[in-house]
Structure formats: C-alpha cells, structure tokens
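J.: Below you will find the structure I want to go over with you.
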Amino acid sequence: QVQLVESGGGLVQPGDSLRLSCAASVRTLSNYDISWFRQTLGKEREFVAAMRRRGGYEYYTDSVKGRFTISRDNAKSTAYLEMNALKPEDAAVYYCAAGTGVILSNIRNAAAYAYWGQGTQVTVSS
C-alpha cells in the first residue's frame with residue numbers, strides 16, 4: 001500500500017508561483033509512474049501532468065504547458081509540481097497519484113492510478 005501526502009497549496013494572486021509536493025510512503029518511488037490531477041466543485045478530476053517511472057518522460061495537459069513542471073526526487077520519495085504564471089482557472093484541489101504498469105495510452109486517465117493523496121487546495125485570486 002502506498003500513501004501519498006500532498007502539501008504546498010495555498011492562496012496566491014494571478015501570475016504567482018507555487019510548488020506542490022507529494023511525499024510517498026515508499027522507499028523506491030522510481031518504481032511508480034507519477035501524475036497530478038486537479039478537480040473543481042462539480043467537475044470531473046482533470047489530468048494535469050505525469051512523469052513516467054522509466055526515462056522520466058513528462059506529459060502535460062495543453063493548458064499548463066510551459067507554465068507547470070513535474071519532477072521527482074526518488075531519493076526523497078517525493079514528487080513535485082512547480083506551477084508558474086498561475087491563472088484563476090488553475091484554482092482547484094490538486095491530487096497526486098501513483099501507479100505501476102500504467103500504459104502510455106492511459107497516462108492521462110485517473111483510473112489508471114491505484115494510489116491517491118488527499119489533495120491540496122490551490123486558490124488563485126486577486
């Protein structure tokens with residue numbers, strides 16, 4: 001069983017930056033594909049970014065390309081989502097997720113990930 005704990009959310013103004021962290025309760029985070037999703041009230045969970053366990057390949061939803069960066073520190077068993085130039089439409093609860101054996105065609109599919117954190121709120125408002 002993998003436990004994930006997100007942190008780093010908060011209230012920021014448009015144009016600001018935040019770095020979300022996802023601490024995993026595993027010794028070998030490198031064995032897992034990692035992703036970030038977000039969700040707003042009344043909407044489905046939306047894919048934001050993912051990083052493959054092998055090769056470190058990164059994937060992003062179009063709306064965050066060039067602004068968000070996913071990364072991981074396997075030695076610390078922690079994943080990150082660096083968010084720059086935040087917009088009001090980025091406001092959501094952000095979740096990290098982990099999975100093994102996630103095939104490429106499902107990298108953006110929430111159902112492909114077995115482990116989820118509790119979420120951290122990001123509010124972007126002036």
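Going through the structure tokens in order, the chains are called A, B, and so on, while each chain numbers its residues from 1 and the ligands are numbered from 1 in the order shown.
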Excluding Gly117 of chain A and its own-chain neighbours fewer than 4 positions away, which residues fall within 12 Å of it when counting only C-alpha atoms? Please give them as a PyMOL selection string.

T.: chain A and resi 2-7+21-25+34-38+79+93-98+113

J.: Report, in Å with one decimal, the straight-line distance from atom CA of Ala49 of chain A to atom CA of Thr69 of chain A.

T.: 7.9 Å

J.: Rounded to one decimal place, report the atom CA of Arg54 of chain A-atom CA of Ala110 of chain A distance in Å.

T.: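 According to the coordinates, atom CA of Arg54 of chain A and atom CA of Ala110 of chain A are separated by 19.3 Å.
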
J.: Determine, counting only C-alpha atoms, which protein, DNA and RNA residues have an atom within 8 Å of an atom of Thr40 of chain A; residues of the same chain fewer than 4 positions away are not included. Present the result as a VMD selection string.

T.: chain A and resid 44 to 45 91 to 93

J.: For the atom pair atom CA of Ser77 of chain A and atom CA of Tyr60 of chain A, what is the interatomic distance in Å to one decimal place?

T.: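 For atom CA of Ser77 of chain A relative to atom CA of Tyr60 of chain A, the distance reads 21.3 Å.
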